[in-house]
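Engineer: Structure file target07.cif, mmCIF, N, CA, C and O atoms, is pasted below:
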```cif
data_start
loop_
_atom_site.label_atom_id
_atom_site.label_comp_id
_atom_site.auth_asym_id
_atom_site.auth_seq_id
_atom_site.Cartn_x
_atom_site.Cartn_y
_atom_site.Cartn_z
N MET Z 1 12.96 -5.57 20.89
CA MET Z 1 12.85 -7.01 20.66
C MET Z 1 12.77 -7.26 19.16
O MET Z 1 12.01 -6.63 18.45
N ALA Z 2 13.56 -8.21 18.71
CA ALA Z 2 13.67 -8.48 17.27
C ALA Z 2 12.35 -8.94 16.65
O ALA Z 2 12.04 -8.56 15.52
N LEU Z 3 11.58 -9.72 17.38
CA LEU Z 3 10.32 -10.21 16.81
C LEU Z 3 9.31 -9.07 16.62
O LEU Z 3 8.57 -9.05 15.63
N ILE Z 4 9.30 -8.13 17.53
CA ILE Z 4 8.39 -7.00 17.38
C ILE Z 4 8.86 -6.11 16.23
O ILE Z 4 8.03 -5.60 15.46
N ALA Z 5 10.16 -5.92 16.09
CA ALA Z 5 10.69 -5.16 14.95
C ALA Z 5 10.30 -5.85 13.64
O ALA Z 5 9.92 -5.18 12.67
N GLU Z 6 10.39 -7.16 13.61
CA GLU Z 6 9.99 -7.92 12.42
C GLU Z 6 8.49 -7.74 12.15
O GLU Z 6 8.07 -7.58 11.00
N ALA Z 7 7.70 -7.75 13.22
CA ALA Z 7 6.26 -7.54 13.07
C ALA Z 7 5.97 -6.15 12.51
O ALA Z 7 5.14 -6.00 11.60
N CYS Z 8 6.65 -5.14 13.00
CA CYS Z 8 6.46 -3.77 12.51
C CYS Z 8 6.82 -3.66 11.03
O CYS Z 8 6.10 -3.04 10.25
N LEU Z 9 7.91 -4.28 10.65
CA LEU Z 9 8.33 -4.27 9.26
C LEU Z 9 7.29 -4.98 8.38
O LEU Z 9 6.92 -4.49 7.32
N HIS Z 10 6.81 -6.11 8.85
CA HIS Z 10 5.79 -6.87 8.12
C HIS Z 10 4.53 -6.03 7.94
O HIS Z 10 3.97 -5.97 6.84
N ILE Z 11 4.09 -5.37 9.00
CA ILE Z 11 2.90 -4.53 8.93
C ILE Z 11 3.13 -3.39 7.94
O ILE Z 11 2.26 -3.10 7.11
N SER Z 12 4.27 -2.75 8.01
CA SER Z 12 4.57 -1.64 7.11
C SER Z 12 4.57 -2.08 5.65
O SER Z 12 4.04 -1.38 4.79
N GLU Z 13 5.16 -3.23 5.39
CA GLU Z 13 5.25 -3.72 4.02
C GLU Z 13 3.90 -4.18 3.47
O GLU Z 13 3.64 -4.06 2.28
N LYS Z 14 3.04 -4.71 4.33
CA LYS Z 14 1.78 -5.31 3.89
C LYS Z 14 0.55 -4.50 4.32
O LYS Z 14 -0.56 -5.00 4.28
N CYS Z 15 0.75 -3.24 4.70
CA CYS Z 15 -0.34 -2.46 5.29
C CYS Z 15 -1.51 -2.23 4.35
O CYS Z 15 -2.61 -1.93 4.80
N THR Z 16 -1.31 -2.37 3.06
CA THR Z 16 -2.41 -2.14 2.12
C THR Z 16 -3.30 -3.37 1.98
O THR Z 16 -4.35 -3.30 1.36
N GLU Z 17 -2.89 -4.47 2.58
CA GLU Z 17 -3.67 -5.71 2.53
C GLU Z 17 -4.48 -5.88 3.81
O GLU Z 17 -4.09 -5.37 4.85
N PRO Z 18 -5.58 -6.62 3.73
CA PRO Z 18 -6.31 -6.93 4.97
C PRO Z 18 -5.39 -7.68 5.93
O PRO Z 18 -4.64 -8.56 5.51
N MET Z 19 -5.43 -7.30 7.20
CA MET Z 19 -4.50 -7.87 8.17
C MET Z 19 -5.10 -7.82 9.56
O MET Z 19 -5.79 -6.87 9.91
N THR Z 20 -4.84 -8.86 10.34
CA THR Z 20 -5.30 -8.92 11.72
C THR Z 20 -4.12 -9.20 12.64
O THR Z 20 -3.06 -9.66 12.17
N PRO Z 21 -4.29 -8.98 13.93
CA PRO Z 21 -3.22 -9.35 14.87
C PRO Z 21 -2.90 -10.84 14.80
O PRO Z 21 -1.74 -11.23 14.96
N ASP Z 22 -3.90 -11.67 14.53
CA ASP Z 22 -3.65 -13.11 14.38
C ASP Z 22 -2.67 -13.38 13.25
O ASP Z 22 -1.76 -14.21 13.39
N ASP Z 23 -2.86 -12.69 12.12
CA ASP Z 23 -1.98 -12.88 10.97
C ASP Z 23 -0.53 -12.56 11.33
O ASP Z 23 0.38 -13.31 11.02
N VAL Z 24 -0.34 -11.43 11.99
CA VAL Z 24 1.02 -10.98 12.31
C VAL Z 24 1.63 -11.85 13.40
O VAL Z 24 2.80 -12.22 13.31
N SER Z 25 0.85 -12.21 14.40
CA SER Z 25 1.40 -13.05 15.48
C SER Z 25 1.81 -14.42 14.92
O SER Z 25 2.84 -14.96 15.31
N ARG Z 26 1.03 -14.94 13.99
CA ARG Z 26 1.41 -16.21 13.34
C ARG Z 26 2.69 -16.03 12.53
O ARG Z 26 3.56 -16.90 12.53
N HIS Z 27 2.80 -14.90 11.86
CA HIS Z 27 3.98 -14.61 11.02
C HIS Z 27 5.27 -14.64 11.84
O HIS Z 27 6.30 -15.10 11.37
N ILE Z 28 5.20 -14.13 13.07
CA ILE Z 28 6.41 -14.10 13.90
C ILE Z 28 6.48 -15.25 14.89
O ILE Z 28 7.41 -15.34 15.68
N GLY Z 29 5.46 -16.14 14.87
CA GLY Z 29 5.50 -17.32 15.73
C GLY Z 29 5.24 -17.05 17.20
O GLY Z 29 5.96 -17.56 18.07
N MET Z 30 4.22 -16.26 17.46
CA MET Z 30 3.91 -15.88 18.83
C MET Z 30 2.40 -15.95 19.02
O MET Z 30 1.65 -15.76 18.06
N SER Z 31 1.95 -16.18 20.24
CA SER Z 31 0.50 -16.17 20.48
C SER Z 31 -0.03 -14.75 20.30
O SER Z 31 0.70 -13.77 20.49
N LYS Z 32 -1.30 -14.67 19.95
CA LYS Z 32 -1.91 -13.36 19.71
C LYS Z 32 -1.87 -12.49 20.96
O LYS Z 32 -1.54 -11.30 20.90
N SER Z 33 -2.19 -13.06 22.11
CA SER Z 33 -2.23 -12.26 23.33
C SER Z 33 -0.83 -11.77 23.72
O SER Z 33 -0.67 -10.61 24.12
N HIS Z 34 0.16 -12.64 23.60
CA HIS Z 34 1.54 -12.24 23.92
C HIS Z 34 2.02 -11.17 22.94
O HIS Z 34 2.63 -10.18 23.34
N PHE Z 35 1.71 -11.38 21.68
CA PHE Z 35 2.08 -10.40 20.65
C PHE Z 35 1.44 -9.04 20.96
O PHE Z 35 2.12 -8.02 20.94
N SER Z 36 0.15 -9.04 21.23
CA SER Z 36 -0.56 -7.78 21.50
C SER Z 36 0.04 -7.05 22.68
O SER Z 36 0.23 -5.83 22.64
N HIS Z 37 0.36 -7.78 23.73
CA HIS Z 37 0.96 -7.18 24.92
C HIS Z 37 2.34 -6.60 24.61
O HIS Z 37 2.62 -5.43 24.93
N LEU Z 38 3.21 -7.39 23.98
CA LEU Z 38 4.56 -6.90 23.67
C LEU Z 38 4.53 -5.77 22.65
O LEU Z 38 5.30 -4.81 22.76
N PHE Z 39 3.64 -5.87 21.68
CA PHE Z 39 3.56 -4.85 20.65
C PHE Z 39 3.22 -3.50 21.27
O PHE Z 39 3.87 -2.49 20.98
N LYS Z 40 2.24 -3.48 22.13
CA LYS Z 40 1.83 -2.24 22.80
C LYS Z 40 2.96 -1.72 23.69
O LYS Z 40 3.24 -0.52 23.73
N MET Z 41 3.64 -2.61 24.38
CA MET Z 41 4.72 -2.23 25.28
C MET Z 41 5.89 -1.59 24.51
O MET Z 41 6.43 -0.57 24.92
N TYR Z 42 6.25 -2.17 23.36
CA TYR Z 42 7.41 -1.68 22.61
C TYR Z 42 7.10 -0.52 21.68
O TYR Z 42 7.96 0.31 21.45
N THR Z 43 5.89 -0.46 21.14
CA THR Z 43 5.58 0.61 20.18
C THR Z 43 4.78 1.75 20.80
O THR Z 43 4.74 2.83 20.23
N GLY Z 44 4.12 1.49 21.91
CA GLY Z 44 3.26 2.49 22.52
C GLY Z 44 1.93 2.62 21.82
O GLY Z 44 1.16 3.54 22.10
N MET Z 45 1.67 1.71 20.88
CA MET Z 45 0.42 1.73 20.11
C MET Z 45 -0.17 0.33 20.06
O MET Z 45 0.56 -0.65 20.18
N THR Z 46 -1.47 0.28 19.87
CA THR Z 46 -2.09 -1.01 19.62
C THR Z 46 -1.81 -1.40 18.17
O THR Z 46 -1.37 -0.56 17.36
N PHE Z 47 -2.07 -2.65 17.84
CA PHE Z 47 -1.91 -3.11 16.47
C PHE Z 47 -2.71 -2.25 15.50
O PHE Z 47 -2.19 -1.80 14.48
N VAL Z 48 -3.97 -1.99 15.82
CA VAL Z 48 -4.84 -1.22 14.93
C VAL Z 48 -4.32 0.21 14.77
O VAL Z 48 -4.31 0.75 13.66
N GLU Z 49 -3.87 0.83 15.84
CA GLU Z 49 -3.33 2.18 15.74
C GLU Z 49 -2.10 2.22 14.84
O GLU Z 49 -1.96 3.12 14.00
N PHE Z 50 -1.23 1.23 15.00
CA PHE Z 50 -0.01 1.17 14.18
C PHE Z 50 -0.35 0.93 12.72
O PHE Z 50 0.17 1.61 11.83
N LEU Z 51 -1.23 -0.03 12.46
CA LEU Z 51 -1.64 -0.33 11.09
C LEU Z 51 -2.27 0.89 10.43
O LEU Z 51 -1.95 1.24 9.28
N THR Z 52 -3.13 1.57 11.14
CA THR Z 52 -3.79 2.76 10.61
C THR Z 52 -2.76 3.85 10.30
O THR Z 52 -2.82 4.49 9.25
N ALA Z 53 -1.81 4.06 11.19
CA ALA Z 53 -0.77 5.06 10.96
C ALA Z 53 0.06 4.72 9.73
O ALA Z 53 0.41 5.61 8.93
N GLU Z 54 0.36 3.45 9.54
CA GLU Z 54 1.11 3.03 8.35
C GLU Z 54 0.30 3.27 7.09
O GLU Z 54 0.85 3.70 6.06
N ARG Z 55 -0.98 3.01 7.15
CA ARG Z 55 -1.84 3.26 5.98
C ARG Z 55 -1.93 4.75 5.66
O ARG Z 55 -1.95 5.13 4.49
N ILE Z 56 -1.97 5.57 6.68
CA ILE Z 56 -2.00 7.02 6.46
C ILE Z 56 -0.68 7.49 5.85
O ILE Z 56 -0.67 8.33 4.94
N LYS Z 57 0.43 6.94 6.29
CA LYS Z 57 1.73 7.28 5.68
C LYS Z 57 1.72 6.92 4.20
O LYS Z 57 2.23 7.68 3.37
N ARG Z 58 1.16 5.78 3.89
CA ARG Z 58 1.07 5.34 2.49
C ARG Z 58 0.19 6.32 1.70
O ARG Z 58 0.53 6.70 0.58
N ALA Z 59 -0.91 6.74 2.29
CA ALA Z 59 -1.81 7.69 1.63
C ALA Z 59 -1.09 9.01 1.35
O ALA Z 59 -1.25 9.58 0.27
N GLU Z 60 -0.31 9.47 2.32
CA GLU Z 60 0.43 10.72 2.12
C GLU Z 60 1.34 10.63 0.90
O GLU Z 60 1.45 11.60 0.14
N ALA Z 61 1.95 9.50 0.70
CA ALA Z 61 2.83 9.32 -0.46
C ALA Z 61 2.02 9.39 -1.76
O ALA Z 61 2.49 9.96 -2.75
N TYR Z 62 0.83 8.82 -1.75
CA TYR Z 62 -0.02 8.86 -2.95
C TYR Z 62 -0.44 10.29 -3.29
O TYR Z 62 -0.68 10.60 -4.44
N PHE Z 63 -0.55 11.15 -2.30
CA PHE Z 63 -0.98 12.52 -2.54
C PHE Z 63 0.03 13.32 -3.35
O PHE Z 63 -0.27 14.42 -3.81
N SER Z 64 1.24 12.80 -3.53
CA SER Z 64 2.20 13.52 -4.36
C SER Z 64 1.77 13.53 -5.83
O SER Z 64 2.25 14.35 -6.60
N ASP Z 65 0.88 12.63 -6.20
CA ASP Z 65 0.31 12.62 -7.56
C ASP Z 65 -1.07 13.28 -7.51
O ASP Z 65 -2.02 12.69 -7.02
N PRO Z 66 -1.20 14.51 -8.03
CA PRO Z 66 -2.47 15.23 -7.94
C PRO Z 66 -3.58 14.61 -8.79
O PRO Z 66 -4.74 14.98 -8.66
N ASN Z 67 -3.25 13.67 -9.65
CA ASN Z 67 -4.24 13.06 -10.52
C ASN Z 67 -4.95 11.86 -9.90
O ASN Z 67 -5.92 11.36 -10.46
N ILE Z 68 -4.47 11.40 -8.75
CA ILE Z 68 -5.11 10.27 -8.09
C ILE Z 68 -6.27 10.79 -7.25
O ILE Z 68 -6.10 11.69 -6.42
N HIS Z 69 -7.45 10.25 -7.48
CA HIS Z 69 -8.64 10.65 -6.72
C HIS Z 69 -8.52 10.18 -5.27
O HIS Z 69 -7.94 9.12 -4.99
N ILE Z 70 -9.10 10.93 -4.37
CA ILE Z 70 -9.01 10.61 -2.94
C ILE Z 70 -9.60 9.24 -2.64
O ILE Z 70 -9.05 8.50 -1.83
N VAL Z 71 -10.67 8.87 -3.30
CA VAL Z 71 -11.25 7.55 -3.06
C VAL Z 71 -10.26 6.45 -3.45
O VAL Z 71 -10.15 5.43 -2.77
N ASP Z 72 -9.49 6.66 -4.52
CA ASP Z 72 -8.47 5.69 -4.92
C ASP Z 72 -7.33 5.65 -3.91
O ASP Z 72 -6.79 4.58 -3.62
N VAL Z 73 -6.97 6.81 -3.39
CA VAL Z 73 -5.94 6.87 -2.35
C VAL Z 73 -6.39 6.04 -1.15
O VAL Z 73 -5.62 5.25 -0.60
N ALA Z 74 -7.65 6.19 -0.76
CA ALA Z 74 -8.18 5.47 0.40
C ALA Z 74 -8.07 3.96 0.19
O ALA Z 74 -7.53 3.25 1.04
N TYR Z 75 -8.58 3.48 -0.92
CA TYR Z 75 -8.57 2.03 -1.16
C TYR Z 75 -7.16 1.50 -1.41
O TYR Z 75 -6.81 0.42 -0.93
N ASP Z 76 -6.35 2.24 -2.14
CA ASP Z 76 -4.98 1.80 -2.42
C ASP Z 76 -4.12 1.80 -1.16
O ASP Z 76 -3.10 1.11 -1.11
N SER Z 77 -4.53 2.56 -0.15
CA SER Z 77 -3.79 2.60 1.12
C SER Z 77 -4.22 1.50 2.08
O SER Z 77 -3.64 1.35 3.15
N GLY Z 78 -5.26 0.76 1.72
CA GLY Z 78 -5.68 -0.36 2.54
C GLY Z 78 -6.96 -0.15 3.33
O GLY Z 78 -7.37 -1.03 4.08
N PHE Z 79 -7.60 1.00 3.18
CA PHE Z 79 -8.85 1.25 3.89
C PHE Z 79 -10.01 0.58 3.16
O PHE Z 79 -10.02 0.52 1.94
N SER Z 80 -10.98 0.12 3.92
CA SER Z 80 -12.11 -0.60 3.32
C SER Z 80 -13.24 0.33 2.93
O SER Z 80 -14.16 -0.09 2.22
N SER Z 81 -13.19 1.59 3.38
CA SER Z 81 -14.22 2.55 3.00
C SER Z 81 -13.64 3.96 3.03
O SER Z 81 -12.68 4.23 3.75
N ILE Z 82 -14.26 4.83 2.27
CA ILE Z 82 -13.82 6.22 2.24
C ILE Z 82 -14.10 6.90 3.57
O ILE Z 82 -13.31 7.73 4.03
N SER Z 83 -15.19 6.52 4.24
CA SER Z 83 -15.51 7.16 5.52
C SER Z 83 -14.49 6.78 6.59
O SER Z 83 -14.07 7.64 7.38
N SER Z 84 -14.06 5.52 6.62
CA SER Z 84 -13.05 5.13 7.62
C SER Z 84 -11.72 5.82 7.31
O SER Z 84 -10.99 6.22 8.22
N PHE Z 85 -11.40 5.97 6.04
CA PHE Z 85 -10.20 6.70 5.64
C PHE Z 85 -10.26 8.15 6.10
O PHE Z 85 -9.32 8.65 6.72
N ASN Z 86 -11.37 8.82 5.81
CA ASN Z 86 -11.52 10.22 6.19
C ASN Z 86 -11.41 10.42 7.70
O ASN Z 86 -10.74 11.34 8.18
N ARG Z 87 -12.07 9.54 8.47
CA ARG Z 87 -12.02 9.63 9.94
C ARG Z 87 -10.60 9.44 10.45
O ARG Z 87 -10.10 10.21 11.28
N ALA Z 88 -9.94 8.39 9.96
CA ALA Z 88 -8.58 8.10 10.42
C ALA Z 88 -7.62 9.21 10.01
O ALA Z 88 -6.76 9.62 10.81
N PHE Z 89 -7.76 9.69 8.80
CA PHE Z 89 -6.87 10.74 8.31
C PHE Z 89 -7.01 11.99 9.17
O PHE Z 89 -6.02 12.57 9.61
N ARG Z 90 -8.24 12.39 9.42
CA ARG Z 90 -8.48 13.60 10.23
C ARG Z 90 -7.94 13.41 11.65
O ARG Z 90 -7.34 14.33 12.22
N ARG Z 91 -8.13 12.23 12.23
CA ARG Z 91 -7.66 11.96 13.60
C ARG Z 91 -6.13 12.03 13.67
O ARG Z 91 -5.57 12.61 14.60
N ILE Z 92 -5.45 11.49 12.66
CA ILE Z 92 -3.99 11.42 12.70
C ILE Z 92 -3.33 12.71 12.21
O ILE Z 92 -2.37 13.19 12.80
N LYS Z 93 -3.85 13.28 11.13
CA LYS Z 93 -3.20 14.45 10.52
C LYS Z 93 -3.81 15.79 10.97
O LYS Z 93 -3.22 16.83 10.74
N GLY Z 94 -5.01 15.75 11.56
CA GLY Z 94 -5.62 16.98 12.04
C GLY Z 94 -6.32 17.80 10.96
O GLY Z 94 -6.69 18.94 11.19
N CYS Z 95 -6.48 17.21 9.78
CA CYS Z 95 -7.20 17.87 8.70
C CYS Z 95 -7.77 16.79 7.78
O CYS Z 95 -7.40 15.62 7.88
N SER Z 96 -8.65 17.19 6.90
CA SER Z 96 -9.23 16.23 5.96
C SER Z 96 -8.22 15.90 4.86
O SER Z 96 -7.27 16.66 4.63
N PRO Z 97 -8.41 14.79 4.16
CA PRO Z 97 -7.52 14.47 3.04
C PRO Z 97 -7.51 15.59 1.99
O PRO Z 97 -6.45 15.92 1.45
N THR Z 98 -8.65 16.18 1.73
CA THR Z 98 -8.73 17.27 0.75
C THR Z 98 -7.91 18.47 1.20
O THR Z 98 -7.15 19.05 0.41
N GLN Z 99 -8.03 18.83 2.47
CA GLN Z 99 -7.25 19.94 3.01
C GLN Z 99 -5.76 19.63 2.94
O GLN Z 99 -4.95 20.50 2.59
N PHE Z 100 -5.39 18.41 3.28
CA PHE Z 100 -3.99 18.00 3.24
C PHE Z 100 -3.45 18.11 1.81
O PHE Z 100 -2.36 18.62 1.60
N ARG Z 101 -4.23 17.62 0.87
CA ARG Z 101 -3.79 17.66 -0.54
C ARG Z 101 -3.58 19.11 -0.98
O ARG Z 101 -2.62 19.41 -1.67
N ARG Z 102 -4.48 20.00 -0.59
CA ARG Z 102 -4.35 21.42 -0.97
C ARG Z 102 -3.02 22.01 -0.45
O ARG Z 102 -2.40 22.81 -1.14
N THR Z 103 -2.64 21.64 0.75
CA THR Z 103 -1.38 22.17 1.31
C THR Z 103 -0.18 21.62 0.56
O THR Z 103 0.86 22.26 0.50
N ARG Z 104 -0.31 20.43 -0.01
CA ARG Z 104 0.79 19.81 -0.75
C ARG Z 104 0.93 20.40 -2.15
O ARG Z 104 2.01 20.40 -2.71
N VAL Z 105 -0.18 20.86 -2.71
CA VAL Z 105 -0.18 21.36 -4.09
C VAL Z 105 0.18 22.85 -4.13
O VAL Z 105 0.84 23.30 -5.04
N ASP Z 106 -0.26 23.59 -3.13
CA ASP Z 106 -0.05 25.05 -3.14
C ASP Z 106 1.41 25.44 -3.12
O ASP Z 106 2.29 24.84 -2.72
#
```
Turn the structure described in the file into structure tokens.
Structural biologist:
Amino acid sequence: MALIAEACLHISEKCTEPMTPDDVSRHIGMSKSHFSHLFKMYTGMTFVEFLTAERIKRAEAYFSDPNIHIVDVAYDSGFSSISSFNRAFRRIKGCSPTQFRRTRVD
């Protein structure tokens, strides 16, 4: 569905900013409940899962610069705290941000 594709693109482009399902559903002109239902049906993920995955992808790109501190990677990727970043990163990537960075540098 074109509107869900537009929503995914919007989330990907703006993932470093604070964002809610209300924001995205308004952006594509759909009710929040309808958006949430269609989004899950087409992506296989909830809004929060998708947003978090996009933020982790952004963090991975930042890790290519070894001079950026992990706390800066967390905030620049859109996370509101280092602990939420660490939890999400470990859940999605299966290792800590520090471990991930080591594998990229070695």
Engineer: Could you pull the residues within 9 Å of segment 37-45 of chain Z, counting only C-alpha atoms, minus those fewer than 3 positions along the same chain, as a ChimeraX atom specification?
Structural biologist: /Z:1,4,7-8,32-34,48-50
Engineer: In Å, how far is it from atom O of Phe79 of chain Z to atom N of Ser31 of chain Z?
Structural biologist: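 One can read the atom O of Phe79 of chain Z to atom N of Ser31 of chain Z distance as 27.5 Å.
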Engineer: Can you turn the PyMOL selection byres (((chain Z and resi 90-97 and name CA) around 9) and name CA) into a concrete residue list for this file, as a list in words?
Structural biologist: Thr52, Ala53, Ile56, Ala59, Glu60, Phe63, Ile70, Phe85, Asn86, Arg87, Ala88, Phe89, Thr98, Gln99, Phe100, Arg101 and Arg102 of chain Z
Engineer: Any chance you could resolve the PyMOL selection byres (((chain Z and resi 15 and name CA) around 7) and name CA) against this file and give the residues as JSON, numbers by chain?
Structural biologist: {"Z": [11, 12, 13, 14, 16, 17, 51, 54, 55, 78]}
Engineer: Would you save the residues of that selection, restricted to N, CA, C and O atoms, as a PDB file, keeping the file's coordinate frame?
Structural biologist:
```pdb
ATOM      1  N   ILE Z  11       4.090  -5.370   9.000  1.00  0.00           N
ATOM      2  CA  ILE Z  11       2.900  -4.530   8.930  1.00  0.00           C
ATOM      3  C   ILE Z  11       3.130  -3.390   7.940  1.00  0.00           C
ATOM      4  O   ILE Z  11       2.260  -3.100   7.110  1.00  0.00           O
ATOM      5  N   SER Z  12       4.270  -2.750   8.010  1.00  0.00           N
ATOM      6  CA  SER Z  12       4.570  -1.640   7.110  1.00  0.00           C
ATOM      7  C   SER Z  12       4.570  -2.080   5.650  1.00  0.00           C
ATOM      8  O   SER Z  12       4.040  -1.380   4.790  1.00  0.00           O
ATOM      9  N   GLU Z  13       5.160  -3.230   5.390  1.00  0.00           N
ATOM     10  CA  GLU Z  13       5.250  -3.720   4.020  1.00  0.00           C
ATOM     11  C   GLU Z  13       3.900  -4.180   3.470  1.00  0.00           C
ATOM     12  O   GLU Z  13       3.640  -4.060   2.280  1.00  0.00           O
ATOM     13  N   LYS Z  14       3.040  -4.710   4.330  1.00  0.00           N
ATOM     14  CA  LYS Z  14       1.780  -5.310   3.890  1.00  0.00           C
ATOM     15  C   LYS Z  14       0.550  -4.500   4.320  1.00  0.00           C
ATOM     16  O   LYS Z  14      -0.560  -5.000   4.280  1.00  0.00           O
ATOM     17  N   THR Z  16      -1.310  -2.370   3.060  1.00  0.00           N
ATOM     18  CA  THR Z  16      -2.410  -2.140   2.120  1.00  0.00           C
ATOM     19  C   THR Z  16      -3.300  -3.370   1.980  1.00  0.00           C
ATOM     20  O   THR Z  16      -4.350  -3.300   1.360  1.00  0.00           O
ATOM     21  N   GLU Z  17      -2.890  -4.470   2.580  1.00  0.00           N
ATOM     22  CA  GLU Z  17      -3.670  -5.710   2.530  1.00  0.00           C
ATOM     23  C   GLU Z  17      -4.480  -5.880   3.810  1.00  0.00           C
ATOM     24  O   GLU Z  17      -4.090  -5.370   4.850  1.00  0.00           O
ATOM     25  N   LEU Z  51      -1.230  -0.030  12.460  1.00  0.00           N
ATOM     26  CA  LEU Z  51      -1.640  -0.330  11.090  1.00  0.00           C
ATOM     27  C   LEU Z  51      -2.270   0.890  10.430  1.00  0.00           C
ATOM     28  O   LEU Z  51      -1.950   1.240   9.280  1.00  0.00           O
ATOM     29  N   GLU Z  54       0.360   3.450   9.540  1.00  0.00           N
ATOM     30  CA  GLU Z  54       1.110   3.030   8.350  1.00  0.00           C
ATOM     31  C   GLU Z  54       0.300   3.270   7.090  1.00  0.00           C
ATOM     32  O   GLU Z  54       0.850   3.700   6.060  1.00  0.00           O
ATOM     33  N   ARG Z  55      -0.980   3.010   7.150  1.00  0.00           N
ATOM     34  CA  ARG Z  55      -1.840   3.260   5.980  1.00  0.00           C
ATOM     35  C   ARG Z  55      -1.930   4.750   5.660  1.00  0.00           C
ATOM     36  O   ARG Z  55      -1.950   5.130   4.490  1.00  0.00           O
ATOM     37  N   GLY Z  78      -5.260   0.760   1.720  1.00  0.00           N
ATOM     38  CA  GLY Z  78      -5.680  -0.360   2.540  1.00  0.00           C
ATOM     39  C   GLY Z  78      -6.960  -0.150   3.330  1.00  0.00           C
ATOM     40  O   GLY Z  78      -7.370  -1.030   4.080  1.00  0.00           O
TER      41      GLY Z  78
END
```
Engineer: Give the answer as one residue: which of Z:Val24, Z:Lys57, Z:Ser81, Z:Val73 has the shortest atom-to-atom distance to Glu6 of chain Z, using only N, CA, C and O atoms?
Structural biologist: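 Closest to Glu6 of chain Z of all the choices is Z:Val24.
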Engineer: Kindly list the centre and edge lengths in Å, rounded to one decimal, for the axis-aligned box that covers all listed atoms of segment 90-96 of chain Z plus 4 Å on each of its six sides, as JSON.
Structural biologist:
```
{"center_x": -5.8, "center_y": 15.2, "center_z": 9.6, "size_x": 14.9, "size_y": 15.5, "size_z": 18.0}
```
Engineer: What's the separation between atom CA of Leu9 of chain Z and atom CA of Ile82 of chain Z, in Å to one decimal place?
Structural biologist: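 These two atoms are separated by 25.5 Å.
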Engineer: Determine the nearest neighbour of Phe47 of chain Z from the options Z:Ala61, Z:Ala74, Z:Ala2, Z:Met19, counting only C-alpha atoms.
Structural biologist: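 That would be Z:Met19, the residue with the smallest distance to Phe47 of chain Z.
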Engineer: In Å, rounded to a single decimal, give me how far atom CA of Ala5 of chain Z is from atom CA of Tyr75 of chain Z.
Structural biologist: 26.1 Å
Engineer: I'd like to know which residues of segment 6-95 of chain Z are alpha helix (DSSP H) (by DSSP, run on the backbone); could you write them as a PyMOL selection string?
Structural biologist: chain Z and resi 6-14+21-28+32-43+47-62+70-76+82-93
